[in-house]
Structures are given as structure tokens and as C-alpha cells.
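This report refers to the structure that appears directly beneath it.
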Amino acid sequence: MKTTILAITAGALLLIPATASARQDGAAVTSAAATPAGIPLDSPWRRAVYQQAHDSFLHPGWGWRHSERNYVLGMALARTEGLTVDPDVLFAAAFLHDWGGIAPFASPGVDHAVRSVELAEPFLTEAGFPMEKFPAVRAAILGHMYDREPDGPEAVVLHDADALDFLGGLGAARLLAATGDRPDYDQALGRIERFAIDIPPRLKTPAAREMAVPRVARMTDFLAAVRRETPEGTRP
């Protein structure tokens, strides 16, 4: 039942009609009452965060659509697990957690989560975010990767939501889309295979671990299909 509820919640994002462009007029975003997934933009700071993500975090793997999925799935995990999370903290962390890994904001030699915190603190201060909540935002951003230990309820659900977005058909699509100008798929296919093994044991919530099972099966089936369809002696 948990898997069904969460799958419906997260999967609903795929049913939202695509707009003509992800980079529509900024005024429309600023005046919007909610994101495409229905996340409330009911304060100036939320609109500022979403505006920044929508306009500047344009990456097929780590961009604003990934952030929106992380928030929706994180809130669903919290409800399913009975965890009390602050929606403001999760919103800020979900939409800003990969900021420091996206050009031109990345800093060479600086972990992308650390860089995201460096960028997020002054931005949120200027936007009017209630900064007494920022320590929880910082913890969630720093703990979001699957190989980190999250500290706090918002960090736990963001960690698991972010990890789940690396799994399944959607995870495979993200990894393949992130090949950039590489000449082949070797890195992406290797990560798909590795993540299917490495990520599930690191999930923190029972609901996320349950959701991971069919996602891993889909990744395994995908890799098997790639191997079957590759002529003998050639490489995909």
C-alpha cells in the first residue's frame, strides 16, 4: 500500500501537460500561486526560490524539475512514515540542493552540496526566508546525497527522495541525459548498474526501501535489454 500511494503521488508529475517552454516569461513564475506540481508559492521568498530554480537551474539531470520531484516525493515519504517535517525547510533545501553543481555556479574542487549551502544562505537571507530555520536547510542540503548520513527529518526525506530519483526508468533517463558531450554512454551505463546495487541499502525509510525494489528491477531489465540489443563484438 505504501508503494502504491507514493508511486501515485510521485508519478502524477508525469501526467502534467508540458508547457511550450521551461523558460517562460519570468513574470508568470513570479505571480504563480503554485508550481506545476501544485507546490504552494504562497510567500515572496518561495516565489524567489522557485524563480531562481526555474530560470537558472537548467540541467537535464539536476535541474528544477528534479528539485520539484524531490519535494513532492519527500513530503509523501514524510506522510507515509509519520515524520514531522517543516515544509519551508524542505522546499528551500529541495530547490537549492544542487545549485552548487550546476554551471556557472559550481566552484572547482568544492563539493557541490557545500557550494550549494554557500550560495543558498545569502540568497535566502535576501529573499526573506525565516533564517532561524536555515540550520535545518543546511543539514538537508549537506546530507542529500545517497552516500551521506542525513541529520534531521527534512534531511532524511530529502536524502531518500534524491536517492530514489536515481533509480528506475526515471533514474536511467537522468543519467543518460547527463552524459553531456561525452562520446559514449559508458559512464552512464556504469552508474546505472552501480546505483542499482549501491543505493537501496543506504535508504533510511522503510517506504523508500519498498519503493526501490521495482525501480531496481526496471534498471536491471533496462541494462539486460541494452546487452541483448547490442550486436556481438560491438559496444552500445
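In the C-alpha cells, chains take the letters A, B, ... in the order shown, each chain's residues start at 1, and ligands count up from 1 in the order shown.
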Would you mind listing, for every residue of stretch 126-214 of chain A within 12 Å of stretch 93-104 of chain A, the two atoms forming the shortest contact and the distance between them in Å to one decimal, using only C-alpha atoms, sorted by chain and ascending residue number, as a tab-separated table?
```
residue	atom	partner	partner_atom	distance
A:Phe129	CA	A:Ala93	CA	11.8
A:Lys133	CA	A:Ala93	CA	10.8
A:Phe134	CA	A:Ala93	CA	9.3
A:Pro135	CA	A:Ala93	CA	10.6
A:Ala136	CA	A:Ala93	CA	8.6
A:Val137	CA	A:Ala93	CA	5.3
A:Arg138	CA	A:Ala93	CA	7.5
A:Ala139	CA	A:Ala93	CA	8.8
A:Ala140	CA	A:Ala93	CA	6.1
A:Ile141	CA	A:His97	CA	5.0
A:Leu142	CA	A:His97	CA	8.0
A:Gly143	CA	A:His97	CA	9.5
A:His144	CA	A:His97	CA	7.5
A:Met145	CA	A:His97	CA	9.6
A:Glu154	CA	A:Ala93	CA	8.5
A:Ala155	CA	A:Ala93	CA	8.5
A:Val156	CA	A:Ala93	CA	11.7
A:Val157	CA	A:Ala94	CA	10.0
A:Leu158	CA	A:Ala94	CA	6.8
A:His159	CA	A:Ala94	CA	9.8
A:Asp160	CA	A:Ala94	CA	11.7
A:Ala161	CA	A:Ala94	CA	9.5
A:Asp162	CA	A:Ala94	CA	8.8
A:Ala178	CA	A:Ile102	CA	11.5
```
Same residues, N, CA and C atoms, output as a JSON list (two decimals), in the first residue's frame:
```json
[["chain", "number", "residue", "atom", "x", "y", "z"],
["A", 129, "PHE", "N", 13.60, 34.60, 3.66],
["A", 129, "PHE", "CA", 13.38, 33.30, 4.31],
["A", 129, "PHE", "C", 13.55, 33.44, 5.83],
["A", 133, "LYS", "N", 15.39, 28.97, 10.54],
["A", 133, "LYS", "CA", 15.23, 27.61, 10.01],
["A", 133, "LYS", "C", 16.40, 27.20, 9.13],
["A", 134, "PHE", "N", 17.34, 28.10, 8.89],
["A", 134, "PHE", "CA", 18.40, 27.78, 7.94],
["A", 134, "PHE", "C", 19.30, 26.63, 8.38],
["A", 135, "PRO", "N", 19.60, 26.46, 9.69],
["A", 135, "PRO", "CA", 20.42, 25.29, 10.06],
["A", 135, "PRO", "C", 19.83, 23.96, 9.57],
["A", 136, "ALA", "N", 18.51, 23.84, 9.58],
["A", 136, "ALA", "CA", 17.88, 22.61, 9.08],
["A", 136, "ALA", "C", 18.00, 22.53, 7.56],
["A", 137, "VAL", "N", 17.92, 23.68, 6.88],
["A", 137, "VAL", "CA", 18.13, 23.69, 5.42],
["A", 137, "VAL", "C", 19.55, 23.25, 5.11],
["A", 138, "ARG", "N", 20.51, 23.81, 5.85],
["A", 138, "ARG", "CA", 21.91, 23.45, 5.64],
["A", 138, "ARG", "C", 22.12, 21.95, 5.83],
["A", 139, "ALA", "N", 21.56, 21.41, 6.90],
["A", 139, "ALA", "CA", 21.72, 19.97, 7.17],
["A", 139, "ALA", "C", 21.11, 19.13, 6.05],
["A", 140, "ALA", "N", 19.97, 19.55, 5.54],
["A", 140, "ALA", "CA", 19.31, 18.79, 4.47],
["A", 140, "ALA", "C", 20.12, 18.83, 3.19],
["A", 141, "ILE", "N", 20.64, 19.99, 2.84],
["A", 141, "ILE", "CA", 21.45, 20.10, 1.63],
["A", 141, "ILE", "C", 22.73, 19.27, 1.76],
["A", 142, "LEU", "N", 23.41, 19.39, 2.89],
["A", 142, "LEU", "CA", 24.67, 18.67, 3.07],
["A", 142, "LEU", "C", 24.47, 17.16, 3.13],
["A", 143, "GLY", "N", 23.29, 16.71, 3.55],
["A", 143, "GLY", "CA", 23.05, 15.26, 3.69],
["A", 143, "GLY", "C", 22.25, 14.65, 2.57],
["A", 144, "HIS", "N", 22.04, 15.39, 1.45],
["A", 144, "HIS", "CA", 21.09, 14.88, 0.46],
["A", 144, "HIS", "C", 21.61, 13.72, -0.38],
["A", 145, "MET", "N", 22.91, 13.61, -0.57],
["A", 145, "MET", "CA", 23.42, 12.54, -1.44],
["A", 145, "MET", "C", 23.26, 11.17, -0.79],
["A", 154, "GLU", "N", 13.84, 16.52, 7.80],
["A", 154, "GLU", "CA", 13.86, 17.05, 6.43],
["A", 154, "GLU", "C", 15.03, 16.48, 5.65],
["A", 155, "ALA", "N", 16.17, 16.33, 6.32],
["A", 155, "ALA", "CA", 17.35, 15.76, 5.67],
["A", 155, "ALA", "C", 17.10, 14.31, 5.28],
["A", 156, "VAL", "N", 16.42, 13.56, 6.15],
["A", 156, "VAL", "CA", 16.16, 12.13, 5.88],
["A", 156, "VAL", "C", 15.28, 11.97, 4.64],
["A", 157, "VAL", "N", 14.18, 12.73, 4.58],
["A", 157, "VAL", "CA", 13.27, 12.54, 3.44],
["A", 157, "VAL", "C", 13.86, 13.10, 2.15],
["A", 158, "LEU", "N", 14.66, 14.18, 2.23],
["A", 158, "LEU", "CA", 15.31, 14.68, 1.02],
["A", 158, "LEU", "C", 16.36, 13.68, 0.55],
["A", 159, "HIS", "N", 17.11, 13.12, 1.48],
["A", 159, "HIS", "CA", 18.11, 12.09, 1.15],
["A", 159, "HIS", "C", 17.46, 10.93, 0.39],
["A", 160, "ASP", "N", 16.35, 10.42, 0.91],
["A", 160, "ASP", "CA", 15.71, 9.26, 0.28],
["A", 160, "ASP", "C", 15.03, 9.63, -1.03],
["A", 161, "ALA", "N", 14.42, 10.80, -1.08],
["A", 161, "ALA", "CA", 13.79, 11.24, -2.33],
["A", 161, "ALA", "C", 14.83, 11.43, -3.42],
["A", 162, "ASP", "N", 15.94, 12.06, -3.08],
["A", 162, "ASP", "CA", 17.01, 12.29, -4.04],
["A", 162, "ASP", "C", 17.59, 10.96, -4.53],
["A", 178, "ALA", "N", 22.47, 13.12, -18.71],
["A", 178, "ALA", "CA", 23.57, 13.88, -18.14],
["A", 178, "ALA", "C", 24.93, 13.53, -18.76]]
```
If you run DSSP over the backbone, which residues in stretch 47-157 of chain A end up helix (DSSP H, G or I)? Put them as a compact mmCIF listing (two decimals) with N, CA, C and O atoms, in the first residue's frame.
```txt
# COMPACT_ATOMS: atom_id res chain seq x y z
N ARG A 47 8.49 32.29 -3.88
CA ARG A 47 8.47 32.68 -5.28
C ARG A 47 9.88 33.02 -5.76
O ARG A 47 10.25 32.70 -6.90
N ALA A 48 10.68 33.64 -4.90
CA ALA A 48 12.06 33.97 -5.28
C ALA A 48 12.89 32.70 -5.49
O ALA A 48 13.66 32.61 -6.45
N VAL A 49 12.74 31.73 -4.60
CA VAL A 49 13.47 30.47 -4.72
C VAL A 49 13.06 29.75 -6.00
O VAL A 49 13.91 29.28 -6.78
N TYR A 50 11.76 29.66 -6.23
CA TYR A 50 11.29 28.96 -7.41
C TYR A 50 11.70 29.69 -8.69
O TYR A 50 12.08 29.05 -9.68
N GLN A 51 11.65 31.02 -8.67
CA GLN A 51 12.09 31.80 -9.83
C GLN A 51 13.55 31.50 -10.15
O GLN A 51 13.91 31.28 -11.31
N GLN A 52 14.39 31.49 -9.11
CA GLN A 52 15.81 31.22 -9.31
C GLN A 52 16.02 29.83 -9.90
O GLN A 52 16.78 29.65 -10.86
N ALA A 53 15.33 28.84 -9.34
CA ALA A 53 15.49 27.48 -9.83
C ALA A 53 14.96 27.34 -11.26
O ALA A 53 15.63 26.78 -12.14
N HIS A 54 13.78 27.87 -11.51
CA HIS A 54 13.13 27.75 -12.81
C HIS A 54 13.95 28.40 -13.92
O HIS A 54 14.04 27.89 -15.04
N ASP A 55 14.56 29.55 -13.61
CA ASP A 55 15.28 30.31 -14.62
C ASP A 55 16.74 29.90 -14.77
O ASP A 55 17.31 30.06 -15.86
N SER A 56 17.35 29.40 -13.70
CA SER A 56 18.81 29.21 -13.72
C SER A 56 19.28 27.77 -13.57
O SER A 56 20.41 27.46 -13.94
N TRP A 64 15.63 22.10 -12.12
CA TRP A 64 14.49 22.41 -11.25
C TRP A 64 13.42 21.32 -11.27
O TRP A 64 12.72 21.14 -10.28
N ARG A 65 13.28 20.59 -12.37
CA ARG A 65 12.28 19.52 -12.38
C ARG A 65 12.65 18.42 -11.38
O ARG A 65 11.78 17.85 -10.71
N HIS A 66 13.95 18.12 -11.30
CA HIS A 66 14.43 17.16 -10.29
C HIS A 66 14.14 17.68 -8.89
O HIS A 66 13.69 16.93 -8.02
N SER A 67 14.34 18.98 -8.67
CA SER A 67 14.07 19.57 -7.36
C SER A 67 12.59 19.47 -7.00
O SER A 67 12.23 19.15 -5.86
N GLU A 68 11.74 19.74 -7.97
CA GLU A 68 10.30 19.65 -7.71
C GLU A 68 9.90 18.22 -7.35
O GLU A 68 9.13 17.99 -6.42
N ARG A 69 10.44 17.25 -8.08
CA ARG A 69 10.15 15.84 -7.76
C ARG A 69 10.63 15.51 -6.35
O ARG A 69 9.95 14.79 -5.60
N ASN A 70 11.80 16.01 -5.99
CA ASN A 70 12.33 15.72 -4.66
C ASN A 70 11.41 16.25 -3.56
O ASN A 70 11.21 15.58 -2.53
N TYR A 71 10.87 17.45 -3.75
CA TYR A 71 9.97 18.00 -2.73
C TYR A 71 8.70 17.16 -2.63
O TYR A 71 8.28 16.78 -1.52
N VAL A 72 8.08 16.86 -3.76
CA VAL A 72 6.83 16.10 -3.75
C VAL A 72 7.05 14.73 -3.13
O VAL A 72 6.28 14.28 -2.27
N LEU A 73 8.11 14.04 -3.54
CA LEU A 73 8.37 12.71 -3.01
C LEU A 73 8.79 12.77 -1.54
O LEU A 73 8.40 11.92 -0.73
N GLY A 74 9.57 13.79 -1.17
CA GLY A 74 9.97 13.94 0.22
C GLY A 74 8.77 14.14 1.15
O GLY A 74 8.70 13.55 2.23
N MET A 75 7.82 14.97 0.73
CA MET A 75 6.62 15.18 1.54
C MET A 75 5.79 13.90 1.62
O MET A 75 5.23 13.57 2.68
N ALA A 76 5.72 13.16 0.52
CA ALA A 76 4.98 11.89 0.53
C ALA A 76 5.63 10.88 1.46
O ALA A 76 4.94 10.16 2.20
N LEU A 77 6.95 10.80 1.44
CA LEU A 77 7.65 9.90 2.36
C LEU A 77 7.38 10.29 3.81
O LEU A 77 7.17 9.42 4.66
N ALA A 78 7.41 11.60 4.09
CA ALA A 78 7.16 12.06 5.46
C ALA A 78 5.77 11.65 5.92
O ALA A 78 5.59 11.16 7.05
N ARG A 79 4.77 11.83 5.06
CA ARG A 79 3.41 11.44 5.43
C ARG A 79 3.31 9.94 5.66
O ARG A 79 2.69 9.48 6.62
N THR A 80 3.90 9.17 4.78
CA THR A 80 3.81 7.71 4.89
C THR A 80 4.51 7.20 6.14
O THR A 80 4.02 6.28 6.80
N GLU A 81 5.63 7.81 6.48
CA GLU A 81 6.42 7.36 7.63
C GLU A 81 6.00 8.04 8.93
O GLU A 81 6.53 7.72 10.00
N PRO A 87 7.65 22.13 5.98
CA PRO A 87 7.59 22.30 4.53
C PRO A 87 8.48 23.42 4.01
O PRO A 87 8.99 23.33 2.89
N ASP A 88 8.67 24.48 4.82
CA ASP A 88 9.55 25.56 4.39
C ASP A 88 10.98 25.08 4.24
O ASP A 88 11.67 25.39 3.26
N VAL A 89 11.44 24.32 5.22
CA VAL A 89 12.80 23.78 5.17
C VAL A 89 12.97 22.86 3.98
O VAL A 89 13.96 22.95 3.23
N LEU A 90 12.02 21.96 3.79
CA LEU A 90 12.13 21.01 2.69
C LEU A 90 12.06 21.72 1.34
O LEU A 90 12.78 21.37 0.41
N PHE A 91 11.19 22.73 1.23
CA PHE A 91 11.08 23.48 -0.03
C PHE A 91 12.42 24.13 -0.37
O PHE A 91 12.94 23.98 -1.50
N ALA A 92 12.98 24.87 0.57
CA ALA A 92 14.24 25.57 0.32
C ALA A 92 15.36 24.59 -0.01
O ALA A 92 16.13 24.79 -0.96
N ALA A 93 15.46 23.51 0.76
CA ALA A 93 16.53 22.54 0.54
C ALA A 93 16.35 21.79 -0.77
O ALA A 93 17.31 21.57 -1.52
N ALA A 94 15.12 21.39 -1.08
CA ALA A 94 14.88 20.63 -2.30
C ALA A 94 15.20 21.45 -3.54
O ALA A 94 15.82 20.94 -4.49
N PHE A 95 14.80 22.71 -3.56
CA PHE A 95 15.01 23.51 -4.76
C PHE A 95 16.42 24.06 -4.88
O PHE A 95 16.84 24.42 -6.00
N LEU A 96 17.18 24.10 -3.79
CA LEU A 96 18.52 24.70 -3.85
C LEU A 96 19.65 23.69 -3.66
O LEU A 96 20.82 24.06 -3.75
N TRP A 99 22.30 23.47 -6.51
CA TRP A 99 22.71 24.74 -7.08
C TRP A 99 24.22 24.76 -7.35
O TRP A 99 24.69 25.16 -8.42
N GLY A 100 24.98 24.30 -6.38
CA GLY A 100 26.44 24.38 -6.48
C GLY A 100 27.06 23.40 -7.44
O GLY A 100 28.28 23.41 -7.64
N GLY A 101 26.25 22.55 -8.07
CA GLY A 101 26.79 21.60 -9.05
C GLY A 101 26.45 21.96 -10.48
O GLY A 101 26.79 21.21 -11.41
N HIS A 112 29.67 19.88 -4.34
CA HIS A 112 28.53 20.66 -4.83
C HIS A 112 27.53 20.97 -3.72
O HIS A 112 26.88 22.02 -3.75
N ALA A 113 27.41 20.10 -2.71
CA ALA A 113 26.49 20.39 -1.60
C ALA A 113 27.02 21.54 -0.75
O ALA A 113 26.26 22.42 -0.33
N VAL A 114 28.32 21.54 -0.49
CA VAL A 114 28.93 22.64 0.26
C VAL A 114 28.76 23.95 -0.49
O VAL A 114 28.41 25.00 0.09
N ARG A 115 29.00 23.90 -1.80
CA ARG A 115 28.84 25.10 -2.62
C ARG A 115 27.38 25.57 -2.63
O ARG A 115 27.11 26.78 -2.58
N SER A 116 26.44 24.63 -2.65
CA SER A 116 25.02 24.99 -2.61
C SER A 116 24.67 25.74 -1.34
O SER A 116 23.91 26.72 -1.36
N VAL A 117 25.22 25.29 -0.21
CA VAL A 117 24.98 25.99 1.06
C VAL A 117 25.57 27.40 1.01
O VAL A 117 24.94 28.37 1.45
N GLU A 118 26.78 27.52 0.45
CA GLU A 118 27.41 28.84 0.34
C GLU A 118 26.55 29.81 -0.46
O GLU A 118 26.45 31.00 -0.12
N LEU A 119 25.93 29.31 -1.52
CA LEU A 119 25.09 30.15 -2.36
C LEU A 119 23.71 30.40 -1.74
O LEU A 119 23.14 31.48 -1.88
N ALA A 120 23.19 29.38 -1.07
CA ALA A 120 21.82 29.47 -0.57
C ALA A 120 21.68 30.44 0.60
O ALA A 120 20.65 31.13 0.70
N GLU A 121 22.66 30.50 1.49
CA GLU A 121 22.49 31.31 2.70
C GLU A 121 22.27 32.79 2.40
O GLU A 121 21.26 33.37 2.85
N PRO A 122 23.14 33.44 1.62
CA PRO A 122 22.86 34.86 1.35
C PRO A 122 21.62 35.06 0.48
O PRO A 122 20.90 36.05 0.65
N PHE A 123 21.37 34.11 -0.43
CA PHE A 123 20.18 34.23 -1.27
C PHE A 123 18.90 34.18 -0.44
O PHE A 123 18.00 35.01 -0.62
N LEU A 124 18.82 33.22 0.46
CA LEU A 124 17.62 33.08 1.30
C LEU A 124 17.47 34.27 2.25
O LEU A 124 16.35 34.72 2.52
N THR A 125 18.57 34.76 2.75
CA THR A 125 18.52 35.94 3.62
C THR A 125 17.90 37.11 2.87
O THR A 125 16.99 37.79 3.37
N GLU A 126 18.38 37.35 1.66
CA GLU A 126 17.88 38.46 0.84
C GLU A 126 16.41 38.24 0.45
O GLU A 126 15.63 39.21 0.36
N ALA A 127 16.03 36.99 0.25
CA ALA A 127 14.66 36.68 -0.20
C ALA A 127 13.64 36.78 0.93
O ALA A 127 12.43 36.75 0.66
N MET A 131 15.30 32.84 8.65
CA MET A 131 16.64 32.28 8.75
C MET A 131 16.88 31.49 10.02
O MET A 131 17.90 30.79 10.12
N GLU A 132 15.97 31.55 10.99
CA GLU A 132 16.11 30.66 12.15
C GLU A 132 15.96 29.19 11.72
O GLU A 132 16.39 28.28 12.44
N LYS A 133 15.39 28.97 10.54
CA LYS A 133 15.23 27.61 10.01
C LYS A 133 16.40 27.20 9.13
O LYS A 133 16.45 26.05 8.67
N PHE A 134 17.34 28.10 8.89
CA PHE A 134 18.40 27.78 7.94
C PHE A 134 19.30 26.63 8.38
O PHE A 134 19.77 25.85 7.53
N PRO A 135 19.60 26.46 9.69
CA PRO A 135 20.42 25.29 10.06
C PRO A 135 19.83 23.96 9.57
O PRO A 135 20.57 23.06 9.16
N ALA A 136 18.51 23.84 9.58
CA ALA A 136 17.88 22.61 9.08
C ALA A 136 18.00 22.53 7.56
O ALA A 136 18.16 21.43 7.00
N VAL A 137 17.92 23.68 6.88
CA VAL A 137 18.13 23.69 5.42
C VAL A 137 19.55 23.25 5.11
O VAL A 137 19.78 22.43 4.21
N ARG A 138 20.51 23.81 5.85
CA ARG A 138 21.91 23.45 5.64
C ARG A 138 22.12 21.95 5.83
O ARG A 138 22.77 21.29 4.99
N ALA A 139 21.56 21.41 6.90
CA ALA A 139 21.72 19.97 7.17
C ALA A 139 21.11 19.13 6.05
O ALA A 139 21.69 18.11 5.65
N ALA A 140 19.97 19.55 5.54
CA ALA A 140 19.31 18.79 4.47
C ALA A 140 20.12 18.83 3.19
O ALA A 140 20.27 17.80 2.50
N ILE A 141 20.64 19.99 2.84
CA ILE A 141 21.45 20.10 1.63
C ILE A 141 22.73 19.27 1.76
O ILE A 141 23.09 18.51 0.85
N LEU A 142 23.41 19.39 2.89
CA LEU A 142 24.67 18.67 3.07
C LEU A 142 24.47 17.16 3.13
O LEU A 142 25.38 16.40 2.80
N PRO A 153 14.72 15.30 10.24
CA PRO A 153 13.66 14.71 9.42
C PRO A 153 13.63 15.22 7.99
O PRO A 153 13.40 14.45 7.05
N GLU A 154 13.84 16.52 7.80
CA GLU A 154 13.86 17.05 6.43
C GLU A 154 15.03 16.48 5.65
O GLU A 154 14.91 16.16 4.47
N ALA A 155 16.17 16.33 6.32
CA ALA A 155 17.35 15.76 5.67
C ALA A 155 17.10 14.31 5.28
O ALA A 155 17.51 13.85 4.20
N VAL A 156 16.42 13.56 6.15
CA VAL A 156 16.16 12.13 5.88
C VAL A 156 15.28 11.97 4.64
O VAL A 156 15.58 11.18 3.74
N VAL A 157 14.18 12.73 4.58
CA VAL A 157 13.27 12.54 3.44
C VAL A 157 13.86 13.10 2.15
O VAL A 157 13.62 12.54 1.07
```
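Of the residues listed (A:Ser43, A:Thr220, A:Ser107, A:Thr35), A:Thr220 shows the shortest atom-to-atom separation from A:Gly168; distances use only C-alpha atoms.
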Open item on the list: Residues within 7 Å of stretch 191-205 of chain A, please, as a list in words. Count only C-alpha atoms; anything in the same chain fewer than 5 positions from it doesn't count.
Closed with: Tyr146, Asp147, Val156, Asp160, Ala163, Leu167, Ala172, Ala212, Val216 and Met219 of chain A
Exercise. Skipping near chain neighbours, those fewer than 2 positions away, what residues fall within 7 Å of A:Gly61 using only C-alpha atoms, listed as number ranges by chain?
Worked result: A: 59, 63, 66, 174-175, 177-178
